[in-house]
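K.L.:
What follows is my_file_0.cif, made up of mmCIF, N, CA and C atoms:
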```cif
data_run
#
loop_
_atom_site.label_atom_id
_atom_site.label_comp_id
_atom_site.auth_asym_id
_atom_site.auth_seq_id
_atom_site.Cartn_x
_atom_site.Cartn_y
_atom_site.Cartn_z
N MET Z 16 12.69 1.65 -41.97
CA MET Z 16 11.71 2.45 -41.29
C MET Z 16 12.36 3.51 -40.41
N ALA Z 17 13.55 3.30 -39.92
CA ALA Z 17 14.19 4.27 -39.04
C ALA Z 17 14.55 5.55 -39.79
N GLY Z 18 14.66 5.49 -41.08
CA GLY Z 18 15.01 6.69 -41.83
C GLY Z 18 13.86 7.67 -41.95
N SER Z 19 12.62 7.23 -41.83
CA SER Z 19 11.49 8.12 -42.02
C SER Z 19 11.12 8.90 -40.75
N GLU Z 20 11.39 8.38 -39.59
CA GLU Z 20 11.10 9.09 -38.36
C GLU Z 20 12.23 8.87 -37.36
N PRO Z 21 12.48 9.83 -36.49
CA PRO Z 21 13.62 9.69 -35.57
C PRO Z 21 13.39 8.57 -34.55
N VAL Z 22 14.46 7.93 -34.20
CA VAL Z 22 14.42 6.88 -33.19
C VAL Z 22 14.68 7.53 -31.83
N THR Z 23 13.76 7.33 -30.91
CA THR Z 23 13.89 7.91 -29.57
C THR Z 23 13.80 6.81 -28.53
N SER Z 24 14.40 7.09 -27.40
CA SER Z 24 14.31 6.16 -26.29
C SER Z 24 13.19 6.61 -25.36
N PRO Z 25 12.69 5.73 -24.50
CA PRO Z 25 11.57 6.11 -23.62
C PRO Z 25 11.89 7.27 -22.68
N ASP Z 26 13.16 7.44 -22.29
CA ASP Z 26 13.48 8.52 -21.38
C ASP Z 26 13.52 9.88 -22.07
N GLN Z 27 13.44 9.92 -23.39
CA GLN Z 27 13.40 11.18 -24.11
C GLN Z 27 11.99 11.72 -24.26
N HIS Z 28 11.01 10.91 -23.98
CA HIS Z 28 9.62 11.36 -24.08
C HIS Z 28 9.29 12.27 -22.91
N LYS Z 29 8.31 13.13 -23.12
CA LYS Z 29 7.94 14.07 -22.08
C LYS Z 29 7.35 13.31 -20.89
N PRO Z 30 7.83 13.60 -19.68
CA PRO Z 30 7.29 12.91 -18.51
C PRO Z 30 5.87 13.37 -18.20
N GLY Z 31 5.23 12.66 -17.30
CA GLY Z 31 3.87 12.99 -16.91
C GLY Z 31 3.81 14.27 -16.10
N HIS Z 32 2.65 14.54 -15.56
CA HIS Z 32 2.44 15.76 -14.80
C HIS Z 32 3.10 15.64 -13.43
N ARG Z 33 3.99 16.57 -13.11
CA ARG Z 33 4.69 16.55 -11.82
C ARG Z 33 3.73 16.77 -10.66
N LYS Z 34 2.82 17.72 -10.84
CA LYS Z 34 1.94 18.08 -9.74
C LYS Z 34 1.03 16.91 -9.37
N SER Z 35 0.53 16.19 -10.36
CA SER Z 35 -0.34 15.05 -10.05
C SER Z 35 0.46 13.92 -9.40
N GLY Z 36 1.72 13.78 -9.76
CA GLY Z 36 2.57 12.78 -9.11
C GLY Z 36 2.82 13.10 -7.66
N ARG Z 37 3.05 14.39 -7.39
CA ARG Z 37 3.26 14.82 -6.00
C ARG Z 37 1.99 14.62 -5.18
N ILE Z 38 0.86 15.01 -5.75
CA ILE Z 38 -0.41 14.85 -5.04
C ILE Z 38 -0.68 13.37 -4.78
N GLY Z 39 -0.40 12.52 -5.76
CA GLY Z 39 -0.60 11.08 -5.58
C GLY Z 39 0.28 10.50 -4.49
N ALA Z 40 1.53 10.96 -4.43
CA ALA Z 40 2.44 10.46 -3.39
C ALA Z 40 2.00 10.92 -2.01
N ILE Z 41 1.53 12.16 -1.92
CA ILE Z 41 1.07 12.67 -0.62
C ILE Z 41 -0.19 11.95 -0.18
N LEU Z 42 -1.11 11.72 -1.10
CA LEU Z 42 -2.34 10.99 -0.75
C LEU Z 42 -2.04 9.55 -0.34
N THR Z 43 -1.07 8.94 -1.00
CA THR Z 43 -0.67 7.58 -0.62
C THR Z 43 -0.06 7.56 0.77
N ALA Z 44 0.76 8.56 1.08
CA ALA Z 44 1.35 8.64 2.42
C ALA Z 44 0.27 8.83 3.47
N VAL Z 45 -0.72 9.66 3.18
CA VAL Z 45 -1.83 9.86 4.12
C VAL Z 45 -2.62 8.56 4.30
N ALA Z 46 -2.83 7.84 3.20
CA ALA Z 46 -3.55 6.57 3.30
C ALA Z 46 -2.76 5.55 4.14
N LEU Z 47 -1.44 5.55 3.98
CA LEU Z 47 -0.62 4.64 4.79
C LEU Z 47 -0.71 5.00 6.27
N LEU Z 48 -0.70 6.30 6.57
CA LEU Z 48 -0.80 6.71 7.97
C LEU Z 48 -2.19 6.45 8.53
N ALA Z 49 -3.21 6.48 7.67
CA ALA Z 49 -4.57 6.18 8.13
C ALA Z 49 -4.70 4.71 8.51
N MET Z 50 -3.87 3.87 7.95
CA MET Z 50 -3.91 2.44 8.28
C MET Z 50 -3.37 2.14 9.68
N LEU Z 51 -2.80 3.14 10.34
CA LEU Z 51 -2.34 2.94 11.71
C LEU Z 51 -3.50 2.65 12.66
N CYS Z 52 -4.66 3.20 12.34
CA CYS Z 52 -5.86 2.95 13.16
C CYS Z 52 -6.44 1.62 12.73
N GLY Z 53 -6.10 0.60 13.44
CA GLY Z 53 -6.59 -0.72 13.09
C GLY Z 53 -6.63 -1.63 14.30
N ASN Z 54 -6.89 -2.88 14.05
CA ASN Z 54 -7.02 -3.83 15.15
C ASN Z 54 -5.79 -4.72 15.29
N HIS Z 55 -4.64 -4.28 14.77
CA HIS Z 55 -3.44 -5.10 14.90
C HIS Z 55 -2.77 -4.82 16.25
N GLU Z 56 -2.13 -5.83 16.79
CA GLU Z 56 -1.54 -5.72 18.11
C GLU Z 56 -0.05 -5.42 18.06
N GLY Z 57 0.63 -5.94 17.05
CA GLY Z 57 2.07 -5.74 16.96
C GLY Z 57 2.42 -4.35 16.47
N ARG Z 58 3.64 -3.93 16.73
CA ARG Z 58 4.10 -2.61 16.31
C ARG Z 58 4.96 -2.67 15.05
N VAL Z 59 5.23 -3.86 14.55
CA VAL Z 59 6.04 -3.98 13.34
C VAL Z 59 5.30 -3.36 12.16
N GLU Z 60 4.00 -3.56 12.09
CA GLU Z 60 3.21 -2.97 11.01
C GLU Z 60 3.25 -1.45 11.07
N ASP Z 61 3.18 -0.90 12.29
CA ASP Z 61 3.23 0.55 12.45
C ASP Z 61 4.56 1.11 11.96
N ILE Z 62 5.63 0.42 12.28
CA ILE Z 62 6.95 0.88 11.86
C ILE Z 62 7.04 0.90 10.34
N TRP Z 63 6.55 -0.14 9.69
CA TRP Z 63 6.59 -0.18 8.23
C TRP Z 63 5.73 0.91 7.61
N LEU Z 64 4.52 1.11 8.14
CA LEU Z 64 3.63 2.12 7.58
C LEU Z 64 4.22 3.52 7.73
N ILE Z 65 4.74 3.82 8.90
CA ILE Z 65 5.34 5.14 9.13
C ILE Z 65 6.59 5.31 8.28
N GLY Z 66 7.40 4.27 8.18
CA GLY Z 66 8.62 4.34 7.38
C GLY Z 66 8.35 4.56 5.90
N LEU Z 67 7.37 3.84 5.36
CA LEU Z 67 7.04 4.00 3.94
C LEU Z 67 6.42 5.37 3.67
N ALA Z 68 5.58 5.86 4.56
CA ALA Z 68 4.99 7.19 4.38
C ALA Z 68 6.07 8.27 4.46
N ALA Z 69 7.00 8.12 5.39
CA ALA Z 69 8.10 9.09 5.51
C ALA Z 69 8.99 9.05 4.27
N PHE Z 70 9.23 7.86 3.74
CA PHE Z 70 10.05 7.73 2.54
C PHE Z 70 9.40 8.42 1.35
N LEU Z 71 8.09 8.24 1.18
CA LEU Z 71 7.37 8.91 0.10
C LEU Z 71 7.45 10.43 0.24
N LEU Z 72 7.24 10.92 1.45
CA LEU Z 72 7.30 12.36 1.66
C LEU Z 72 8.71 12.89 1.47
N LEU Z 73 9.72 12.12 1.83
CA LEU Z 73 11.11 12.52 1.62
C LEU Z 73 11.42 12.62 0.12
N ILE Z 74 10.90 11.70 -0.66
CA ILE Z 74 11.10 11.75 -2.12
C ILE Z 74 10.45 13.01 -2.70
N VAL Z 75 9.23 13.33 -2.26
CA VAL Z 75 8.54 14.52 -2.76
C VAL Z 75 9.30 15.78 -2.37
N LEU Z 76 9.73 15.86 -1.12
CA LEU Z 76 10.49 17.04 -0.68
C LEU Z 76 11.82 17.16 -1.41
N GLY Z 77 12.49 16.05 -1.61
CA GLY Z 77 13.75 16.07 -2.36
C GLY Z 77 13.56 16.54 -3.78
N ASP Z 78 12.48 16.11 -4.41
CA ASP Z 78 12.19 16.54 -5.77
C ASP Z 78 11.92 18.04 -5.82
N ILE Z 79 11.17 18.55 -4.85
CA ILE Z 79 10.87 19.99 -4.81
C ILE Z 79 12.15 20.80 -4.63
N VAL Z 80 13.01 20.37 -3.72
CA VAL Z 80 14.25 21.11 -3.47
C VAL Z 80 15.16 21.07 -4.68
N LEU Z 81 15.31 19.90 -5.31
CA LEU Z 81 16.17 19.80 -6.48
C LEU Z 81 15.67 20.65 -7.64
N ARG Z 82 14.38 20.68 -7.84
CA ARG Z 82 13.82 21.49 -8.93
C ARG Z 82 13.97 22.98 -8.63
N ARG Z 83 13.82 23.36 -7.38
CA ARG Z 83 13.96 24.77 -7.02
C ARG Z 83 15.39 25.24 -7.22
N ASN Z 84 16.36 24.39 -6.93
CA ASN Z 84 17.76 24.75 -7.10
C ASN Z 84 18.25 24.58 -8.53
N GLY Z 85 17.42 24.09 -9.41
CA GLY Z 85 17.81 23.95 -10.80
C GLY Z 85 18.67 22.74 -11.08
N LEU Z 86 18.71 21.79 -10.18
CA LEU Z 86 19.53 20.61 -10.36
C LEU Z 86 18.78 19.50 -11.09
N ARG Z 87 17.50 19.75 -11.33
CA ARG Z 87 16.69 18.75 -12.01
C ARG Z 87 15.73 19.46 -12.94
N SER Z 88 15.56 18.92 -14.13
CA SER Z 88 14.68 19.62 -15.08
C SER Z 88 13.28 19.04 -15.08
#
```
Represent the structure from my file as structure tokens, please.
P.N.:
Amino acid sequence: MAGSEPVTSPDQHKPGHRKSGRIGAILTAVALLAMLCGNHEGRVEDIWLIGLAAFLLLIVLGDIVLRRNGLRS
């Protein structure tokens, strides 16, 4: 069967929409920051929520910079 069609790996397939991925990451970060308004007393939850939201935004910004500089296709 391999002779009739080319064998490809999953990373060779066209990736999904970049813009929708960026929008999804930003909306997720906003949702995480919205969870700061709650009835919890400890600050450990706040640190995690802020850290995860910042990490998501850092990934999006890094992707934008790398694509602008041509280091990522």
K.L.:
Please measure the separation of atom N of Val75 in chain Z and atom C of Arg37 in chain Z, giving the value in Å to one decimal.
P.N.:
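Computing the Euclidean distance for atom N of Val75 in chain Z and atom C of Arg37 in chain Z yields 7.9 Å.
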K.L.:
My list of candidates is Z:Asp78, Z:Asn84, Z:Thr23, Z:Ala68. Which is closest to Ala46 in chain Z when distances are computed with only N, CA and C atoms?
P.N.:
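The shortest atom-to-atom distance to Ala46 in chain Z comes from Z:Ala68.
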K.L.:
What do you get, as a ChimeraX atom specification, if you spell out every residue that the PyMOL selection byres (((chain Z and resi 41 and name CA) around 12) and name CA) selects here?
P.N.:
/Z:34-40,42-48,67-76
K.L.:
Mind pulling up the distance from CA of Arg83 in chain Z to CA of Arg33 in chain Z?
P.N.:
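A separation of 13.3 Å between them.
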